[in-house]
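This report refers to the structure that appears directly beneath it.
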Amino acid sequence: MKSTFSKSIVWLALAASSASYAADYPNKTITMVVPFAAGGPTDTIARLLAQAMGANLKQQVIVENVGGAGGTLGAARVARSSPDGYTIFVHHVGHATAPSLYRKLPYSSIDSFEPIGLATDAASTLIARKDFPAKDIDELLAYVKANKEKVTLANAGLGAASHLCGMLFMSAVGTELTTVPYKGTGPAMNDLLGGQVDLMCDQATNTMSHIKSGKVKAYAVTYKNPVASLPGLPPLASAGLPGFELSVWHGVYAPKSTPKEVVNKLSSALQYAVKDPTVKQRLSELSTEPVAENRATPEALRAHLKAEIDKWSPIIKKSGSYAE
């Protein structure tokens, strides 16, 4: 009886301490880690979210770029951080593919973090060098299957959105192409523009300006439905590859064991951010959409992350794409 009473006292004390901590949170600057270099799509999205979330929390949220190893260095930095709500991070779909891509991941994508909520979705586009012979998506699919030995598919490196999209495309077509990995989207896009490689499948955030200027050929988008900012481009799912869907989504996370009350405050701030008119306008300019408010929650991100890990694991295993 005495032991049970003592445990109850300890539990009540901890609960009171947690409630007191949450009530005072945040009382200093919050750091939002971006696991990629400054200037890229994830960095831009994070800075928009940081500003809006900071306004809601009435505390500054600063962005820290910790790039390298396909986003895993930044994720590991957050996983090791104090679970006090003052270090959070933003990552894209690569957080779901890392467990399959890296043999020795120094954290668990699920067990080392507390989900805060989904933030954005972005379609990818299937594009080619300007003088690629196929006129439309039907001709492209036929050409790829008939000329697989000589067609080259660029990507921005292991775990990049273009790498994932390329793997999914080859899996859907049932054809292995010659993949050409680069150290970043910039070099990959430069060689595509210069005609040194044939194809790339990358998020619209990176390809929109080149599509609009006519510097590349665009064939399709990776959403199930057409994308308003890319009129005339059919979804791959309805253009010969049923079931094909790729969303370059972003989620926000805190270290494991961050108090639930703190996670809920951060989630509320994220929900405020995805509704903010300025954020929505800027994301639209980047060909990205904020998620609906009910998806900017811990429960929604937890379920989505698990589903994406299950989706990508067999695709990556089949491709043989691994890093030590």
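Please note that chains go A, B, ... in the order of the structure tokens, that every chain numbers its residues from 1, and that ligands are numbered from 1 in the order shown.
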Set out as CSV a contact list for stretch 166-254 of chain A and stretch 73-91 of chain A with a cut-off of 12 Å, giving each residue of stretch 166-254 of chain A that qualifies its closest atom pair and distance in Å to one decimal, counting only C-alpha atoms, ordered by chain and rising residue number.
residue,atom,partner,partner_atom,distance
A:Val248,CA,A:His91,CA,10.0
A:Trp249,CA,A:His91,CA,8.4
A:His250,CA,A:His91,CA,5.5
A:Gly251,CA,A:His91,CA,5.7
A:Val252,CA,A:Val90,CA,4.6
A:Tyr253,CA,A:Phe89,CA,5.4
A:Ala254,CA,A:Ile88,CA,4.5
Written selection (N, CA and C atoms) as a PDB file, in the first residue's frame:
ATOM      1  N   VAL A 248       5.953  15.221 -52.415  1.00  0.00           N
ATOM      2  CA  VAL A 248       7.111  15.621 -51.617  1.00  0.00           C
ATOM      3  C   VAL A 248       6.564  16.418 -50.434  1.00  0.00           C
ATOM      4  N   TRP A 249       6.219  15.691 -49.380  1.00  0.00           N
ATOM      5  CA  TRP A 249       5.604  16.298 -48.206  1.00  0.00           C
ATOM      6  C   TRP A 249       6.660  16.666 -47.174  1.00  0.00           C
ATOM      7  N   HIS A 250       6.306  17.634 -46.341  1.00  0.00           N
ATOM      8  CA  HIS A 250       7.187  18.046 -45.239  1.00  0.00           C
ATOM      9  C   HIS A 250       6.456  17.876 -43.920  1.00  0.00           C
ATOM     10  N   GLY A 251       7.181  17.411 -42.918  1.00  0.00           N
ATOM     11  CA  GLY A 251       6.642  17.278 -41.579  1.00  0.00           C
ATOM     12  C   GLY A 251       7.541  17.965 -40.568  1.00  0.00           C
ATOM     13  N   VAL A 252       6.992  18.269 -39.404  1.00  0.00           N
ATOM     14  CA  VAL A 252       7.745  18.931 -38.330  1.00  0.00           C
ATOM     15  C   VAL A 252       7.797  17.981 -37.131  1.00  0.00           C
ATOM     16  N   TYR A 253       8.987  17.873 -36.520  1.00  0.00           N
ATOM     17  CA  TYR A 253       9.214  16.910 -35.452  1.00  0.00           C
ATOM     18  C   TYR A 253       9.963  17.549 -34.283  1.00  0.00           C
ATOM     19  N   ALA A 254       9.829  16.934 -33.103  1.00  0.00           N
ATOM     20  CA  ALA A 254      10.599  17.289 -31.907  1.00  0.00           C
ATOM     21  C   ALA A 254      11.304  16.021 -31.425  1.00  0.00           C
TER      22      ALA A 254
END
* Contacts of A:Asn155 at 7 Å or less, counting only C-alpha atoms, minus same-chain residues fewer than 4 places along, as a list in words? -> Ser162, His163, Val180, Pro181, Tyr182, Ala188 and Met200 of chain A
Once you have the residues from the selection above, write them out as a PDB file, in the first residue's frame, restricted to C-alpha atoms.
ATOM      1  CA  SER A 162      14.502  13.327 -57.619  1.00  0.00           C
ATOM      2  CA  HIS A 163      16.173  10.059 -56.589  1.00  0.00           C
ATOM      3  CA  VAL A 180      23.197   9.478 -63.030  1.00  0.00           C
ATOM      4  CA  PRO A 181      23.521  10.791 -59.455  1.00  0.00           C
ATOM      5  CA  TYR A 182      24.766  14.322 -58.765  1.00  0.00           C
ATOM      6  CA  ALA A 188      21.749  17.721 -62.134  1.00  0.00           C
ATOM      7  CA  MET A 200      14.700  13.838 -64.377  1.00  0.00           C
TER       8      MET A 200
END
* To do: Could you please write out, as a PyMOL selection string, every residue of stretch 173-269 of chain A that DSSP assigns to alpha helix (DSSP H)?
  => chain A and resi 173+185-193+204-213+260-269
Go ahead and dump the residues you just picked, N, CA and C atoms, as an mmCIF file, in the first residue's frame.
data_model
loop_
_atom_site.group_PDB
_atom_site.id
_atom_site.type_symbol
_atom_site.label_atom_id
_atom_site.label_comp_id
_atom_site.auth_asym_id
_atom_site.auth_seq_id
_atom_site.Cartn_x
_atom_site.Cartn_y
_atom_site.Cartn_z
ATOM 1 N N VAL A 173 7.231 1.647 -64.356
ATOM 2 C CA VAL A 173 7.388 1.312 -65.773
ATOM 3 C C VAL A 173 7.889 -0.123 -65.942
ATOM 4 N N THR A 185 20.698 19.346 -56.620
ATOM 5 C CA THR A 185 19.775 19.593 -57.730
ATOM 6 C C THR A 185 20.400 20.491 -58.784
ATOM 7 N N GLY A 186 21.174 21.489 -58.356
ATOM 8 C CA GLY A 186 21.781 22.432 -59.298
ATOM 9 C C GLY A 186 22.596 21.760 -60.387
ATOM 10 N N PRO A 187 23.594 20.942 -60.026
ATOM 11 C CA PRO A 187 24.396 20.269 -61.057
ATOM 12 C C PRO A 187 23.567 19.335 -61.937
ATOM 13 N N ALA A 188 22.602 18.623 -61.345
ATOM 14 C CA ALA A 188 21.749 17.721 -62.134
ATOM 15 C C ALA A 188 20.938 18.506 -63.155
ATOM 16 N N MET A 189 20.336 19.620 -62.702
ATOM 17 C CA MET A 189 19.525 20.433 -63.604
ATOM 18 C C MET A 189 20.381 21.074 -64.695
ATOM 19 N N ASN A 190 21.577 21.509 -64.342
ATOM 20 C CA ASN A 190 22.468 22.118 -65.337
ATOM 21 C C ASN A 190 22.791 21.145 -66.465
ATOM 22 N N ASP A 191 23.044 19.887 -66.125
ATOM 23 C CA ASP A 191 23.363 18.905 -67.163
ATOM 24 C C ASP A 191 22.131 18.536 -67.979
ATOM 25 N N LEU A 192 20.946 18.555 -67.350
ATOM 26 C CA LEU A 192 19.719 18.312 -68.110
ATOM 27 C C LEU A 192 19.492 19.457 -69.096
ATOM 28 N N LEU A 193 19.669 20.690 -68.637
ATOM 29 C CA LEU A 193 19.513 21.859 -69.507
ATOM 30 C C LEU A 193 20.532 21.835 -70.636
ATOM 31 N N ALA A 204 8.175 20.145 -58.322
ATOM 32 C CA ALA A 204 7.853 21.319 -59.140
ATOM 33 C C ALA A 204 8.535 22.578 -58.626
ATOM 34 N N THR A 205 8.818 22.611 -57.334
ATOM 35 C CA THR A 205 9.537 23.750 -56.766
ATOM 36 C C THR A 205 10.842 23.990 -57.511
ATOM 37 N N ASN A 206 11.506 22.918 -57.941
ATOM 38 C CA ASN A 206 12.790 23.032 -58.636
ATOM 39 C C ASN A 206 12.654 23.134 -60.153
ATOM 40 N N THR A 207 11.522 22.701 -60.697
ATOM 41 C CA THR A 207 11.405 22.606 -62.151
ATOM 42 C C THR A 207 10.497 23.649 -62.800
ATOM 43 N N MET A 208 9.636 24.283 -62.003
ATOM 44 C CA MET A 208 8.615 25.186 -62.542
ATOM 45 C C MET A 208 9.190 26.250 -63.475
ATOM 46 N N SER A 209 10.220 26.944 -63.055
ATOM 47 C CA SER A 209 10.739 28.052 -63.862
ATOM 48 C C SER A 209 11.267 27.563 -65.202
ATOM 49 N N HIS A 210 11.883 26.391 -65.221
ATOM 50 C CA HIS A 210 12.422 25.846 -66.475
ATOM 51 C C HIS A 210 11.321 25.340 -67.388
ATOM 52 N N ILE A 211 10.241 24.835 -66.783
ATOM 53 C CA ILE A 211 9.083 24.418 -67.585
ATOM 54 C C ILE A 211 8.431 25.641 -68.218
ATOM 55 N N LYS A 212 8.224 26.682 -67.411
ATOM 56 C CA LYS A 212 7.565 27.896 -67.909
ATOM 57 C C LYS A 212 8.372 28.577 -69.010
ATOM 58 N N SER A 213 9.704 28.513 -68.889
ATOM 59 C CA SER A 213 10.557 29.176 -69.880
ATOM 60 C C SER A 213 10.791 28.325 -71.119
ATOM 61 N N LYS A 260 4.069 16.174 -23.889
ATOM 62 C CA LYS A 260 2.903 16.209 -24.770
ATOM 63 C C LYS A 260 2.303 17.608 -24.844
ATOM 64 N N GLU A 261 2.257 18.310 -23.703
ATOM 65 C CA GLU A 261 1.677 19.656 -23.686
ATOM 66 C C GLU A 261 2.478 20.609 -24.568
ATOM 67 N N VAL A 262 3.797 20.419 -24.602
ATOM 68 C CA VAL A 262 4.657 21.252 -25.440
ATOM 69 C C VAL A 262 4.442 20.908 -26.912
ATOM 70 N N VAL A 263 4.376 19.610 -27.217
ATOM 71 C CA VAL A 263 4.106 19.176 -28.590
ATOM 72 C C VAL A 263 2.779 19.753 -29.077
ATOM 73 N N ASN A 264 1.788 19.763 -28.204
ATOM 74 C CA ASN A 264 0.477 20.300 -28.592
ATOM 75 C C ASN A 264 0.543 21.795 -28.878
ATOM 76 N N LYS A 265 1.348 22.531 -28.105
ATOM 77 C CA LYS A 265 1.520 23.964 -28.367
ATOM 78 C C LYS A 265 2.191 24.188 -29.721
ATOM 79 N N LEU A 266 3.202 23.376 -30.007
ATOM 80 C CA LEU A 266 3.895 23.498 -31.286
ATOM 81 C C LEU A 266 2.966 23.121 -32.439
ATOM 82 N N SER A 267 2.149 22.103 -32.224
ATOM 83 C CA SER A 267 1.194 21.689 -33.255
ATOM 84 C C SER A 267 0.162 22.790 -33.518
ATOM 85 N N SER A 268 -0.309 23.440 -32.464
ATOM 86 C CA SER A 268 -1.249 24.552 -32.628
ATOM 87 C C SER A 268 -0.620 25.687 -33.424
ATOM 88 N N ALA A 269 0.670 25.934 -33.163
ATOM 89 C CA ALA A 269 1.384 26.979 -33.900
ATOM 90 C C ALA A 269 1.535 26.594 -35.366
#
* Which residue gives the smallest distance to A:Leu246 among A:Met167, A:Met32, A:Ile127, A:Ala154, with only C-alpha atoms counted? ->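 Among A:Met167, A:Met32, A:Ile127, A:Ala154, it is A:Met167 that comes nearest to A:Leu246.
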* Would you list, as JSON, numbers by chain, the residues of stretch 96-140 of chain A that end up in strand (DSSP E) under DSSP run on this structure's backbone? => {"A": [113, 114, 115, 116, 117, 118, 119, 120, 121, 122, 124, 125, 126, 127, 128, 129]}
* Residue nearest A:Cys165 - candidates A:Pro115, A:Thr120, A:Ala273, A:Thr125, atoms counted: only C-alpha atoms -> A:Thr125
* Asked: Can you tell me how far atom CA of A:Ala142 sits from atom CA of A:Thr175, in Å to one decimal?
  ->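 Separating atom CA of A:Ala142 from atom CA of A:Thr175 is a distance of 11.0 Å.
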Using only C-alpha atoms, find each residue in stretch 28-110 of chain A having at least one atom no more than 9 Å away from stretch 278-300 of chain A; report its shortest atom-to-atom pair and that distance in Å (one decimal), rows by chain then rising number, as a tab-separated table.
residue	atom	partner	partner_atom	distance
A:Pro41	CA	A:Leu286	CA	8.1
A:Ile45	CA	A:Leu283	CA	7.4
A:Leu48	CA	A:Val279	CA	6.1
A:Leu49	CA	A:Val279	CA	7.4
A:Ala52	CA	A:Val279	CA	7.6
* Of the candidates A:Leu158, A:Ala172, A:Leu270, A:Ala239, which shows the shortest atom-to-atom distance to A:Ser100, using only C-alpha atoms? -> A:Leu158
